[in-house]
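Chemist: Please find query03.txt (compact mmCIF, C-alpha atoms) on the next line:
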```txt
# COMPACT_ATOMS: atom_id res chain seq x y z
CA MET W 1 51.41 -87.11 91.16
CA ILE W 2 53.27 -83.90 92.12
CA SER W 3 51.70 -83.90 95.59
CA ARG W 4 52.61 -87.58 96.01
CA ARG W 5 56.25 -86.87 95.09
CA ALA W 6 56.35 -83.77 97.33
CA ALA W 7 55.26 -85.87 100.32
CA LEU W 8 58.45 -87.96 99.93
CA GLU W 9 60.54 -84.82 100.50
CA LEU W 10 59.38 -84.59 104.11
CA GLN W 11 61.67 -86.10 106.70
CA ASP W 12 60.87 -87.71 110.01
CA GLY W 13 60.49 -85.13 112.79
CA GLU W 14 60.15 -82.13 110.47
CA VAL W 15 57.80 -79.21 111.09
CA VAL W 16 56.14 -78.56 107.74
CA ASN W 17 53.76 -75.96 106.35
CA LEU W 18 51.59 -76.80 103.35
CA GLY W 19 50.58 -73.80 101.23
CA PHE W 20 47.25 -72.98 99.65
CA GLY W 21 46.15 -75.01 96.62
CA MET W 22 47.98 -78.10 95.36
CA PRO W 23 50.25 -78.40 98.46
CA MET W 24 47.23 -78.95 100.72
CA ALA W 25 46.75 -82.36 99.06
CA VAL W 26 50.23 -83.48 100.21
CA VAL W 27 48.84 -84.40 103.64
CA ASN W 28 46.99 -87.31 102.06
CA PHE W 29 50.25 -88.84 100.72
CA ILE W 30 52.59 -88.69 103.71
CA PRO W 31 53.72 -92.23 104.58
CA LYS W 32 52.00 -93.32 107.82
CA GLU W 33 55.24 -94.32 109.53
CA ARG W 34 56.76 -90.88 108.96
CA ASN W 35 56.39 -88.55 111.89
CA VAL W 36 55.86 -85.12 110.34
CA VAL W 37 54.39 -82.20 112.27
CA LEU W 38 52.15 -80.33 109.86
CA GLN W 39 51.37 -76.69 110.47
CA SER W 40 48.42 -74.91 108.93
CA GLU W 41 49.06 -71.20 108.82
CA ASN W 42 45.56 -70.31 109.99
CA GLY W 43 46.57 -71.76 113.33
CA CYS W 44 47.28 -75.41 114.15
CA PHE W 45 50.00 -78.03 114.49
CA LEU W 46 49.69 -81.77 113.90
CA PHE W 47 46.77 -82.00 111.56
CA GLY W 48 45.81 -85.08 109.62
CA PRO W 49 43.90 -86.07 106.47
CA THR W 50 40.54 -84.81 105.26
CA PRO W 51 37.78 -86.24 107.48
CA ARG W 52 34.96 -88.39 106.12
CA LEU W 53 31.48 -86.90 105.92
CA GLY W 54 30.08 -86.79 109.44
CA GLN W 55 33.51 -86.70 111.11
CA GLN W 56 34.22 -83.03 110.27
CA ASP W 57 34.19 -80.09 112.68
CA SER W 58 33.16 -76.66 111.37
CA ASP W 59 35.84 -75.01 113.52
CA VAL W 60 38.68 -77.22 112.23
CA ALA W 61 39.91 -76.28 108.76
CA ASN W 62 43.13 -75.64 106.84
CA ALA W 63 44.59 -72.61 105.05
CA GLY W 64 42.16 -73.18 102.20
CA SER W 65 39.25 -73.27 104.65
CA MET W 66 38.71 -76.96 103.93
CA PRO W 67 38.03 -79.49 106.70
CA ILE W 68 40.96 -81.28 108.31
CA THR W 69 41.39 -83.55 111.31
CA LEU W 70 43.47 -82.87 114.40
CA ARG W 71 45.72 -85.74 115.55
CA PRO W 72 46.46 -86.59 119.17
CA GLY W 73 48.92 -84.00 120.47
CA ALA W 74 47.67 -81.30 118.11
CA SER W 75 47.55 -77.67 119.17
CA THR W 76 45.56 -74.69 117.94
CA PHE W 77 46.57 -71.06 118.21
CA ASP W 78 45.78 -67.64 116.85
CA PHE W 79 47.03 -66.09 113.62
CA ALA W 80 49.64 -63.77 115.14
CA THR W 81 51.22 -66.73 116.95
CA SER W 82 51.08 -68.82 113.77
CA PHE W 83 52.92 -66.24 111.69
CA GLY W 84 55.34 -65.57 114.54
CA ILE W 85 56.20 -69.29 114.33
CA ILE W 86 56.66 -69.00 110.56
CA ARG W 87 58.74 -65.79 110.50
CA GLY W 88 60.63 -66.88 113.60
CA GLY W 89 62.31 -69.77 111.77
CA HIS W 90 60.49 -72.51 113.68
CA VAL W 91 59.13 -74.21 110.54
CA SER W 92 61.64 -76.50 108.83
CA SER W 93 59.99 -76.93 105.42
CA ALA W 94 57.24 -75.33 103.42
CA ILE W 95 55.66 -76.65 100.24
CA LEU W 96 54.37 -73.86 98.01
CA GLY W 97 52.51 -73.90 94.74
CA ALA W 98 54.21 -71.72 92.12
CA LEU W 99 53.33 -69.93 88.89
CA GLU W 100 57.00 -69.68 87.93
CA VAL W 101 60.35 -70.69 89.38
CA ASP W 102 63.79 -69.91 88.06
CA GLN W 103 67.32 -71.30 88.07
CA GLU W 104 68.34 -68.95 90.88
CA GLY W 105 65.66 -70.37 93.14
CA SER W 106 63.28 -67.43 92.92
CA ILE W 107 59.56 -68.09 93.05
CA ALA W 108 56.54 -66.16 91.79
CA ASN W 109 53.14 -67.30 92.97
CA TRP W 110 50.83 -64.39 93.73
CA SER W 111 50.31 -62.04 90.83
CA MET W 112 49.81 -62.23 87.06
CA PRO W 113 49.08 -59.51 84.52
CA GLY W 114 45.40 -58.63 84.89
CA ARG W 115 44.91 -61.07 87.76
CA SER W 116 46.32 -60.56 91.22
CA PRO W 117 44.80 -62.91 93.79
CA GLY W 118 47.27 -61.86 96.51
CA MET W 119 50.26 -63.32 98.27
CA GLY W 120 48.47 -64.87 101.24
CA GLY W 121 51.02 -66.33 103.64
CA ALA W 122 53.61 -67.28 101.03
CA MET W 123 55.94 -64.30 101.52
CA ASP W 124 56.18 -64.97 105.25
CA LEU W 125 56.94 -68.64 104.55
CA VAL W 126 59.76 -67.83 102.16
CA ALA W 127 61.12 -65.31 104.68
CA GLY W 128 61.00 -67.74 107.59
CA ALA W 129 60.94 -71.44 106.64
CA ARG W 130 64.35 -73.08 106.36
CA LYS W 131 63.62 -75.21 103.25
CA ILE W 132 61.21 -74.11 100.52
CA ILE W 133 59.87 -76.76 98.14
CA ALA W 134 58.13 -75.34 95.06
CA ILE W 135 55.62 -77.50 93.20
CA LEU W 136 54.15 -76.66 89.82
CA LEU W 137 53.27 -77.99 86.40
CA HIS W 138 56.33 -78.00 84.17
CA ALA W 139 54.65 -75.98 81.44
CA ASP W 140 51.60 -73.78 81.02
CA LYS W 141 48.62 -74.69 78.82
CA SER W 142 50.39 -73.41 75.68
CA GLY W 143 53.46 -75.50 76.49
CA ALA W 144 55.67 -72.62 77.68
CA SER W 145 58.16 -73.61 80.38
CA LYS W 146 57.40 -72.46 83.91
CA VAL W 147 60.92 -73.45 85.03
CA MET W 148 62.70 -70.36 83.75
CA LYS W 149 66.06 -68.62 83.55
CA GLN W 150 64.48 -65.72 85.37
CA CYS W 151 60.93 -65.31 86.69
CA SER W 152 58.89 -62.79 84.72
CA LEU W 153 56.08 -62.31 87.27
CA PRO W 154 56.28 -60.33 90.54
CA LEU W 155 58.38 -62.33 92.98
CA THR W 156 57.21 -63.95 96.18
CA GLY W 157 60.83 -64.49 97.19
CA LYS W 158 64.26 -64.16 95.60
CA GLY W 159 66.65 -67.12 95.69
CA VAL W 160 64.69 -68.96 98.37
CA VAL W 161 63.66 -72.28 96.74
CA LYS W 162 65.69 -75.41 97.54
CA VAL W 163 63.72 -78.06 95.62
CA ILE W 164 61.53 -77.81 92.50
CA ILE W 165 59.05 -80.60 91.80
CA THR W 166 57.09 -80.59 88.53
CA ASP W 167 55.03 -83.25 86.77
CA LYS W 168 58.13 -84.06 84.68
CA ALA W 169 61.16 -83.74 86.94
CA VAL W 170 62.71 -82.94 90.30
CA PHE W 171 65.48 -80.32 90.53
CA ARG W 172 67.64 -79.29 93.45
CA VAL W 173 68.66 -75.62 93.54
CA THR W 174 72.37 -75.22 94.28
CA PRO W 175 74.71 -72.21 94.27
CA GLY W 176 75.84 -73.49 90.84
CA GLY W 177 72.30 -73.63 89.45
CA LEU W 178 69.65 -76.30 88.98
CA VAL W 179 70.60 -79.96 89.26
CA LEU W 180 68.28 -82.54 87.69
CA GLU W 181 67.79 -85.40 90.15
CA GLU W 182 64.72 -87.25 88.87
CA LEU W 183 62.99 -87.57 85.53
CA VAL W 184 59.74 -89.25 84.46
CA ALA W 185 60.13 -92.54 82.58
CA ASP W 186 58.62 -91.38 79.26
CA LEU W 187 61.10 -88.51 78.81
CA ASN W 188 64.88 -88.45 78.25
CA VAL W 189 67.21 -85.59 79.27
CA GLU W 190 67.16 -84.07 75.77
CA GLY W 191 63.37 -84.19 75.80
CA LEU W 192 63.36 -82.40 79.14
CA ARG W 193 65.78 -79.73 77.87
CA SER W 194 63.45 -79.04 74.96
CA ILE W 195 60.58 -78.20 77.31
CA THR W 196 62.64 -76.38 79.98
CA GLU W 197 63.78 -72.78 79.65
CA ALA W 198 66.14 -72.92 82.64
CA ASP W 199 69.67 -74.29 82.37
CA PHE W 200 70.38 -77.35 84.47
CA THR W 201 73.10 -79.90 85.09
CA ILE W 202 72.53 -83.60 85.72
CA ALA W 203 73.08 -85.27 89.05
CA PRO W 204 75.49 -88.24 88.91
CA ASP W 205 72.78 -90.36 90.52
CA LEU W 206 69.92 -89.21 88.28
CA CYS W 207 67.00 -91.60 88.73
CA GLU W 208 63.45 -92.17 87.62
CA TYR W 209 60.78 -89.88 89.14
CA ARG W 210 59.91 -91.46 92.48
CA LEU W 211 56.36 -91.92 93.68
CA ALA W 212 57.18 -94.08 96.69
CA MET V 1 25.49 -54.56 132.97
CA SER V 2 25.09 -57.01 130.11
CA LYS V 3 26.72 -56.46 126.74
CA VAL V 4 24.32 -58.88 125.04
CA VAL V 5 22.41 -57.13 122.26
CA THR V 6 20.23 -58.14 119.33
CA LEU V 7 21.63 -58.41 115.83
CA ASN V 8 19.82 -55.18 114.89
CA GLN V 9 21.28 -53.31 117.87
CA ALA V 10 24.74 -54.56 116.91
CA MET V 11 24.37 -52.77 113.56
CA GLU V 12 23.61 -49.37 115.10
CA LYS V 13 27.25 -48.24 114.98
CA LEU V 14 27.57 -49.15 111.32
CA HIS V 15 27.46 -46.30 108.79
CA ASP V 16 28.58 -45.39 105.29
CA GLY V 17 32.28 -44.77 104.70
CA MET V 18 33.44 -46.64 107.79
CA THR V 19 36.55 -48.77 108.21
CA ILE V 20 35.43 -52.16 109.49
CA ALA V 21 37.41 -55.29 110.34
CA ILE V 22 35.98 -58.80 110.05
CA GLY V 23 37.39 -61.78 111.92
CA GLY V 24 37.66 -65.33 110.63
CA PHE V 25 39.47 -66.94 107.74
CA ALA V 26 37.49 -67.43 104.51
CA GLY V 27 34.35 -68.08 106.53
CA VAL V 28 35.78 -70.38 109.20
CA GLY V 29 35.56 -68.50 112.49
CA GLY V 30 33.71 -65.70 110.72
CA PRO V 31 30.76 -63.70 112.14
CA LEU V 32 28.36 -65.14 109.57
CA LYS V 33 25.10 -63.74 110.97
CA CYS V 34 26.53 -60.24 111.39
CA LEU V 35 27.88 -60.37 107.85
CA ARG V 36 24.45 -61.20 106.48
CA LYS V 37 23.04 -58.28 108.40
CA ILE V 38 25.74 -55.91 107.10
CA ALA V 39 24.90 -57.04 103.56
CA GLU V 40 21.18 -56.44 104.14
CA SER V 41 21.80 -53.03 105.74
CA GLY V 42 22.89 -51.53 102.42
CA VAL V 43 25.73 -49.60 104.11
CA LYS V 44 28.25 -48.51 101.47
CA ASP V 45 31.72 -47.06 100.75
CA LEU V 46 33.23 -49.37 103.34
CA THR V 47 36.93 -49.90 103.86
CA LEU V 48 37.01 -53.59 104.69
CA ILE V 49 39.86 -55.17 106.63
CA CYS V 50 39.63 -58.96 106.30
CA VAL V 51 42.46 -61.47 105.90
CA ALA V 52 41.02 -63.11 102.78
CA ASN V 53 37.96 -62.95 100.60
CA CYS V 54 35.15 -65.50 100.79
CA HIS V 55 35.40 -69.28 100.97
CA PRO V 56 36.31 -70.88 97.60
CA PHE V 57 32.95 -72.75 97.51
CA THR V 58 30.99 -69.69 98.51
CA VAL V 59 27.39 -69.11 97.60
CA ALA V 60 25.57 -65.81 97.33
CA GLU V 61 24.72 -65.17 100.98
CA PHE V 62 27.78 -66.61 102.68
CA ASP V 63 30.64 -64.79 104.47
CA VAL V 64 31.91 -61.51 102.93
CA TYR V 65 30.85 -62.42 99.38
CA PRO V 66 27.64 -60.31 99.30
CA LEU V 67 29.46 -57.18 100.52
CA PHE V 68 31.33 -57.23 97.20
CA ALA V 69 28.40 -58.44 95.10
CA ASN V 70 26.34 -55.51 96.50
CA ARG V 71 29.23 -53.10 95.84
CA GLN V 72 29.40 -52.06 99.49
CA VAL V 73 33.19 -52.16 99.64
CA LYS V 74 35.31 -49.29 98.31
CA LYS V 75 38.65 -50.45 99.61
CA PHE V 76 39.78 -53.93 100.68
CA ILE V 77 42.81 -54.35 102.94
CA THR V 78 43.67 -58.05 102.69
CA CYS V 79 46.14 -60.81 101.84
CA HIS V 80 44.07 -62.74 99.30
CA ASN V 81 41.26 -61.73 96.97
CA GLY V 82 41.30 -64.63 94.50
CA THR V 83 38.41 -66.69 95.84
CA ASN V 84 35.78 -64.09 94.93
CA PRO V 85 35.31 -63.65 91.16
CA VAL V 86 33.11 -60.59 91.69
CA ALA V 87 35.79 -58.80 93.73
CA MET V 88 38.50 -59.84 91.28
CA GLU V 89 36.51 -58.30 88.42
CA GLN V 90 35.85 -55.08 90.35
CA SER V 91 39.55 -54.85 91.15
CA ARG V 92 40.54 -55.44 87.52
CA LYS V 93 38.20 -52.65 86.39
CA GLY V 94 39.51 -50.28 89.05
CA GLU V 95 36.15 -50.12 90.86
CA LEU V 96 37.58 -51.70 93.99
CA GLU V 97 40.86 -50.62 95.55
CA VAL V 98 42.74 -53.63 96.94
CA GLU V 99 45.69 -53.16 99.27
CA PHE V 100 47.65 -56.41 99.74
CA PHE V 101 49.87 -57.33 102.65
CA PRO V 102 51.57 -60.65 103.40
CA MET V 103 49.51 -62.46 106.05
CA GLY V 104 52.12 -62.24 108.77
CA THR V 105 52.49 -58.52 108.09
CA TRP V 106 48.72 -57.94 107.96
CA ILE V 107 48.14 -59.54 111.35
CA GLU V 108 51.11 -57.72 112.93
CA LYS V 109 49.81 -54.36 111.66
CA LEU V 110 46.53 -55.06 113.46
CA ARG V 111 48.30 -56.37 116.54
CA ALA V 112 50.33 -53.15 116.62
CA GLY V 113 47.12 -51.16 116.16
CA GLY V 114 45.55 -52.83 119.17
CA ALA V 115 48.68 -52.74 121.30
CA GLY V 116 49.63 -49.09 121.07
CA LEU V 117 52.58 -49.62 118.74
CA GLY V 118 53.37 -47.40 115.77
CA GLY V 119 54.17 -50.42 113.63
CA VAL V 120 56.51 -53.37 113.29
CA LEU V 121 59.77 -54.24 111.51
CA THR V 122 59.50 -57.37 109.37
CA PRO V 123 61.84 -59.07 106.90
CA THR V 124 58.82 -60.34 104.94
CA GLY V 125 58.52 -58.75 101.51
CA VAL V 126 62.07 -57.37 101.24
CA GLY V 127 63.11 -57.61 97.58
CA THR V 128 59.52 -57.80 96.31
CA LEU V 129 56.81 -55.33 95.22
CA VAL V 130 55.68 -55.20 98.87
CA GLU V 131 58.63 -52.99 99.80
CA GLN V 132 57.56 -50.19 97.43
CA GLY V 133 56.98 -46.90 99.21
CA LYS V 134 58.04 -48.27 102.60
CA ARG V 135 60.95 -47.34 104.83
CA LYS V 136 63.70 -49.94 105.11
CA ILE V 137 65.53 -50.17 108.40
CA THR V 138 68.67 -52.22 108.96
CA VAL V 139 69.07 -53.90 112.32
CA ASP V 140 72.25 -55.88 113.02
CA GLY V 141 72.97 -56.04 109.31
CA LYS V 142 69.58 -57.40 108.27
CA GLU V 143 67.03 -55.39 106.27
CA TYR V 144 63.48 -54.96 107.53
CA LEU V 145 60.42 -53.10 106.27
CA LEU V 146 58.63 -50.66 108.53
CA GLU V 147 54.97 -51.65 108.42
CA VAL V 148 52.74 -49.18 110.24
CA ALA V 149 49.87 -50.01 112.60
CA LEU V 150 46.34 -50.62 111.35
CA ARG V 151 43.03 -50.11 113.19
CA ALA V 152 39.33 -50.24 112.42
CA GLU V 153 36.47 -48.10 113.69
CA LEU V 154 34.24 -51.12 114.04
CA ALA V 155 35.05 -54.83 114.25
CA PHE V 156 32.93 -57.96 114.02
CA ILE V 157 34.56 -61.06 115.44
CA LYS V 158 33.35 -64.60 116.09
CA GLY V 159 33.87 -66.67 119.23
CA PHE V 160 32.54 -69.96 120.55
CA ARG V 161 31.09 -68.77 123.86
CA ALA V 162 30.63 -65.42 125.57
CA ASP V 163 29.40 -64.34 128.96
CA PRO V 164 27.34 -61.14 129.44
CA LEU V 165 30.51 -59.26 130.43
CA GLY V 166 31.93 -59.96 126.99
CA ASN V 167 34.59 -62.52 127.84
CA ILE V 168 35.14 -64.66 124.74
CA GLU V 169 36.19 -68.29 124.50
CA TYR V 170 37.39 -69.58 121.13
CA ARG V 171 37.23 -73.07 119.68
CA GLY V 172 39.53 -75.07 117.41
CA VAL V 173 41.26 -73.48 114.45
CA ALA V 174 38.47 -70.89 114.33
CA THR V 175 40.38 -68.63 116.72
CA ASN V 176 42.52 -67.40 113.82
CA THR V 177 42.35 -63.61 113.31
CA ASN V 178 39.63 -62.93 115.88
CA PRO V 179 41.57 -62.07 119.07
CA THR V 180 43.91 -59.71 117.23
CA ILE V 181 41.04 -57.90 115.51
CA ALA V 182 39.06 -57.66 118.75
CA ALA V 183 41.77 -55.41 120.18
CA ALA V 184 42.31 -53.28 117.08
CA ALA V 185 38.95 -51.50 116.82
CA ASP V 186 37.19 -48.62 118.55
CA TYR V 187 34.08 -50.77 118.96
CA THR V 188 34.03 -54.58 118.82
CA VAL V 189 30.99 -56.78 118.30
CA ALA V 190 31.46 -60.46 119.12
CA GLU V 191 29.13 -63.02 117.54
CA VAL V 192 29.15 -66.36 119.37
CA ASN V 193 27.60 -69.83 119.23
CA GLU V 194 26.57 -69.74 122.89
CA ILE V 195 25.94 -67.10 125.52
CA VAL V 196 26.61 -68.50 128.99
CA ALA V 197 26.40 -67.18 132.55
CA ILE V 198 29.19 -65.19 134.17
CA GLY V 199 31.62 -67.69 135.66
CA ASP V 200 30.82 -70.48 133.18
CA ILE V 201 33.94 -69.75 131.17
CA GLU V 202 37.04 -70.74 133.12
CA PRO V 203 39.33 -67.67 133.32
CA ILE V 204 42.19 -69.58 131.68
CA ARG V 205 39.94 -70.31 128.68
CA VAL V 206 39.10 -66.67 128.01
CA GLY V 207 40.76 -65.91 124.66
CA THR V 208 39.67 -62.29 124.51
CA PRO V 209 39.08 -60.51 127.82
CA CYS V 210 35.82 -58.60 128.16
CA ILE V 211 37.34 -55.13 128.15
CA LEU V 212 38.11 -55.59 124.43
CA VAL V 213 34.49 -56.42 123.58
CA ASP V 214 31.65 -53.87 123.45
CA ALA V 215 28.71 -55.99 122.34
CA VAL V 216 27.81 -59.69 122.21
CA VAL V 217 25.31 -61.22 119.79
CA GLN V 218 23.94 -64.71 119.45
CA GLY V 219 25.06 -66.25 116.17
CA TYR V 220 24.42 -69.74 114.83
CA THR V 221 24.44 -72.43 117.51
CA LEU V 222 27.26 -74.91 117.06
CA ALA V 223 24.80 -77.43 115.59
CA GLU V 224 23.50 -74.86 113.08
CA GLN V 225 27.07 -73.88 112.20
CA GLU V 226 27.98 -77.55 111.60
CA ALA V 227 25.06 -77.81 109.18
CA VAL V 228 26.14 -74.65 107.30
CA PHE V 229 29.68 -75.95 106.81
CA GLN V 230 28.63 -79.51 106.05
CA ASP V 231 26.49 -78.11 103.26
CA LEU V 232 29.34 -75.90 101.98
CA TRP V 233 31.99 -78.62 102.07
CA THR V 234 29.70 -81.32 100.66
CA ARG V 235 28.59 -79.12 97.80
CA GLY V 236 32.24 -78.40 96.99
CA GLY V 237 32.95 -82.14 96.89
CA ILE V 238 35.57 -82.08 99.66
CA LEU V 239 33.47 -84.09 102.14
CA LYS V 240 32.37 -87.50 100.96
```
Could I get this structure in the form of structure tokens?
Modeler:
Amino acid sequence: MISRRAALELQDGEVVNLGFGMPMAVVNFIPKERNVVLQSENGCFLFGPTPRLGQQDSDVANAGSMPITLRPGASTFDFATSFGIIRGGHVSSAILGALEVDQEGSIANWSMPGRSPGMGGAMDLVAGARKIIAILLHADKSGASKVMKQCSLPLTGKGVVKVIITDKAVFRVTPGGLVLEELVADLNVEGLRSITEADFTIAPDLCEYRLA
Amino acid sequence: MSKVVTLNQAMEKLHDGMTIAIGGFAGVGGPLKCLRKIAESGVKDLTLICVANCHPFTVAEFDVYPLFANRQVKKFITCHNGTNPVAMEQSRKGELEVEFFPMGTWIEKLRAGGAGLGGVLTPTGVGTLVEQGKRKITVDGKEYLLEVALRAELAFIKGFRADPLGNIEYRGVATNTNPTIAAAADYTVAEVNEIVAIGDIEPIRVGTPCILVDAVVQGYTLAEQEAVFQDLWTRGGILK
């Protein structure tokens, strides 16, 4: 559901990087008519959906080392070039999985107490991509809000996120704070406030959570 | 003079306490046969430079996984450790030292190491834990971190084809970290799917020129490699 909603964020003609984990699934939800150039940080442009068994190539995989397909016009390149493209500001949007986000647009996604898997390519993406979209579950398993006033975990980037997409809502990050733009049908604004630590205002055109 | 050697000969430079760099990205474009041999060799106290730990669907003998399972690695210089539960546990207990760098920084440190640079200035990591202990330099009003060069004593990379001179051709998205690592080591072993005659690789398709490669070994053929990954990806449920 979150990946499906995140795919709608991508505009025609954009150059987009999909991060490790949940974002990698976004490729399977991009509307066919939309012309989005996907970058995989391990070194390719213009990749397509997961191949069917028998169609895969062992030398063609994404940032999670899972098989992908290359579309006509695709290019492959080495890692230094790939991260030069990312840091150099040539990627328009990046979709990153997050552990926490906050109302100032900071994101934490690489380290927890007692468990530090590493930052991978996320810090370069937040330093270089022009629009960062953070996707995450609204709350952790115990129900604690992951959309916070201030991130508690080590940051991946400070004040870099433009859009937050959870399984409950979509927020835009503005200089004035978070603005609620979409909300799932089975929750009202008060219900959302009760499960959200961060402060937010409501967009005049607040609508139901879009999946298409 | 041919640089083609056997897998055993390729291990002759390997010894305890060395700093080694491994090409590839979580197995894809990785020197899988050399890695198995390193695991079997029992060499220990390694400082391992590798962009990420093993593939998420890894099994016991695949990729860098056994180097951690056998406790052959003392220090891991990487960007991601989370796919290997054994390494995560060793790190949590303080038995394995893990030094993290953002991927773009990690590859630039190696590029600098291979290119005679002292380091690079990058904006990545400013304002995060990554900046701790590093010099900050302001250029035209923007803050950068000074990240110093990184080199290995021995590197194992993976290419598609090699000729006996050591020219390497890469294939697909499996190029990844390999050409950068090839340049950043004192001695570089290239494992390839095919060894072809001199002249068979068009000059424009040489991804790593032969002067950066010291030894060439025959790895899995492309067909064998396809079978290895089909098994991995099918078992993990990603290929249906």
Chemist: Could you please select, counting all atoms listed in the file, the residues of chain V within 8 Å of chain W and state them as a tab-separated table (two decimals) with C-alpha atoms, keeping the file's coordinate frame?
Modeler:
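Result file selection10.tsv:
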```
chain	number	residue	atom	x	y	z
V	25	PHE	CA	39.47	-66.94	107.74
V	26	ALA	CA	37.49	-67.43	104.51
V	27	GLY	CA	34.35	-68.08	106.53
V	28	VAL	CA	35.78	-70.38	109.20
V	29	GLY	CA	35.56	-68.50	112.49
V	52	ALA	CA	41.02	-63.11	102.78
V	55	HIS	CA	35.40	-69.28	100.97
V	56	PRO	CA	36.31	-70.88	97.60
V	79	CYS	CA	46.14	-60.81	101.84
V	80	HIS	CA	44.07	-62.74	99.30
V	81	ASN	CA	41.26	-61.73	96.97
V	82	GLY	CA	41.30	-64.63	94.50
V	83	THR	CA	38.41	-66.69	95.84
V	88	MET	CA	38.50	-59.84	91.28
V	92	ARG	CA	40.54	-55.44	87.52
V	100	PHE	CA	47.65	-56.41	99.74
V	101	PHE	CA	49.87	-57.33	102.65
V	102	PRO	CA	51.57	-60.65	103.40
V	103	MET	CA	49.51	-62.46	106.05
V	104	GLY	CA	52.12	-62.24	108.77
V	105	THR	CA	52.49	-58.52	108.09
V	107	ILE	CA	48.14	-59.54	111.35
V	108	GLU	CA	51.11	-57.72	112.93
V	111	ARG	CA	48.30	-56.37	116.54
V	123	PRO	CA	61.84	-59.07	106.90
V	124	THR	CA	58.82	-60.34	104.94
V	125	GLY	CA	58.52	-58.75	101.51
V	127	GLY	CA	63.11	-57.61	97.58
V	128	THR	CA	59.52	-57.80	96.31
V	129	LEU	CA	56.81	-55.33	95.22
V	171	ARG	CA	37.23	-73.07	119.68
V	172	GLY	CA	39.53	-75.07	117.41
V	173	VAL	CA	41.26	-73.48	114.45
V	174	ALA	CA	38.47	-70.89	114.33
V	175	THR	CA	40.38	-68.63	116.72
V	176	ASN	CA	42.52	-67.40	113.82
V	177	THR	CA	42.35	-63.61	113.31
V	178	ASN	CA	39.63	-62.93	115.88
V	179	PRO	CA	41.57	-62.07	119.07
V	180	THR	CA	43.91	-59.71	117.23
V	225	GLN	CA	27.07	-73.88	112.20
V	226	GLU	CA	27.98	-77.55	111.60
V	229	PHE	CA	29.68	-75.95	106.81
V	230	GLN	CA	28.63	-79.51	106.05
V	233	TRP	CA	31.99	-78.62	102.07
V	234	THR	CA	29.70	-81.32	100.66
V	238	ILE	CA	35.57	-82.08	99.66
V	239	LEU	CA	33.47	-84.09	102.14
V	240	LYS	CA	32.37	-87.50	100.96
```
Chemist: When you draw a straight line from CA of Gly191 (chain W) to CA of Ala139 (chain W), how long is it in Å?
Modeler: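 Those two atoms sit 13.2 Å apart.
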Chemist: Considering only C-alpha atoms, return as number ranges by chain whatever protein or nucleic-acid residues lie within 8 Å of region 35-49 of chain V, sequence-local ones (same chain, fewer than 2 positions apart) excluded.
Modeler: V: 7-8, 11, 14-22, 31-33, 51, 61-64, 66-67, 70-78, 152
Chemist: Which residues come within 12 Å of Ile107 (chain W), counting all atoms listed in the file, excluding same-chain residues fewer than 4 positions away, as an mmCIF file with C-alpha atoms, in the frame of the given file?
Modeler:
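File produced: out.cif:
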```cif
data_model
loop_
_atom_site.group_PDB
_atom_site.id
_atom_site.type_symbol
_atom_site.label_atom_id
_atom_site.label_comp_id
_atom_site.auth_asym_id
_atom_site.auth_seq_id
_atom_site.Cartn_x
_atom_site.Cartn_y
_atom_site.Cartn_z
ATOM 1 C CA ILE W 95 55.660 -76.650 100.240
ATOM 2 C CA LEU W 96 54.370 -73.860 98.010
ATOM 3 C CA GLY W 97 52.510 -73.900 94.740
ATOM 4 C CA ALA W 98 54.210 -71.720 92.120
ATOM 5 C CA LEU W 99 53.330 -69.930 88.890
ATOM 6 C CA GLU W 100 57.000 -69.680 87.930
ATOM 7 C CA VAL W 101 60.350 -70.690 89.380
ATOM 8 C CA ASP W 102 63.790 -69.910 88.060
ATOM 9 C CA GLN W 103 67.320 -71.300 88.070
ATOM 10 C CA SER W 111 50.310 -62.040 90.830
ATOM 11 C CA MET W 119 50.260 -63.320 98.270
ATOM 12 C CA ALA W 122 53.610 -67.280 101.030
ATOM 13 C CA MET W 123 55.940 -64.300 101.520
ATOM 14 C CA LEU W 125 56.940 -68.640 104.550
ATOM 15 C CA VAL W 126 59.760 -67.830 102.160
ATOM 16 C CA ILE W 132 61.210 -74.110 100.520
ATOM 17 C CA ILE W 133 59.870 -76.760 98.140
ATOM 18 C CA ALA W 134 58.130 -75.340 95.060
ATOM 19 C CA ILE W 135 55.620 -77.500 93.200
ATOM 20 C CA LEU W 136 54.150 -76.660 89.820
ATOM 21 C CA LYS W 146 57.400 -72.460 83.910
ATOM 22 C CA VAL W 147 60.920 -73.450 85.030
ATOM 23 C CA MET W 148 62.700 -70.360 83.750
ATOM 24 C CA LYS W 149 66.060 -68.620 83.550
ATOM 25 C CA GLN W 150 64.480 -65.720 85.370
ATOM 26 C CA CYS W 151 60.930 -65.310 86.690
ATOM 27 C CA SER W 152 58.890 -62.790 84.720
ATOM 28 C CA LEU W 153 56.080 -62.310 87.270
ATOM 29 C CA PRO W 154 56.280 -60.330 90.540
ATOM 30 C CA LEU W 155 58.380 -62.330 92.980
ATOM 31 C CA THR W 156 57.210 -63.950 96.180
ATOM 32 C CA GLY W 157 60.830 -64.490 97.190
ATOM 33 C CA LYS W 158 64.260 -64.160 95.600
ATOM 34 C CA GLY W 159 66.650 -67.120 95.690
ATOM 35 C CA VAL W 160 64.690 -68.960 98.370
ATOM 36 C CA VAL W 161 63.660 -72.280 96.740
ATOM 37 C CA LYS W 162 65.690 -75.410 97.540
ATOM 38 C CA VAL W 163 63.720 -78.060 95.620
ATOM 39 C CA ILE W 164 61.530 -77.810 92.500
ATOM 40 C CA VAL W 173 68.660 -75.620 93.540
ATOM 41 C CA GLY V 127 63.110 -57.610 97.580
ATOM 42 C CA THR V 128 59.520 -57.800 96.310
#
```
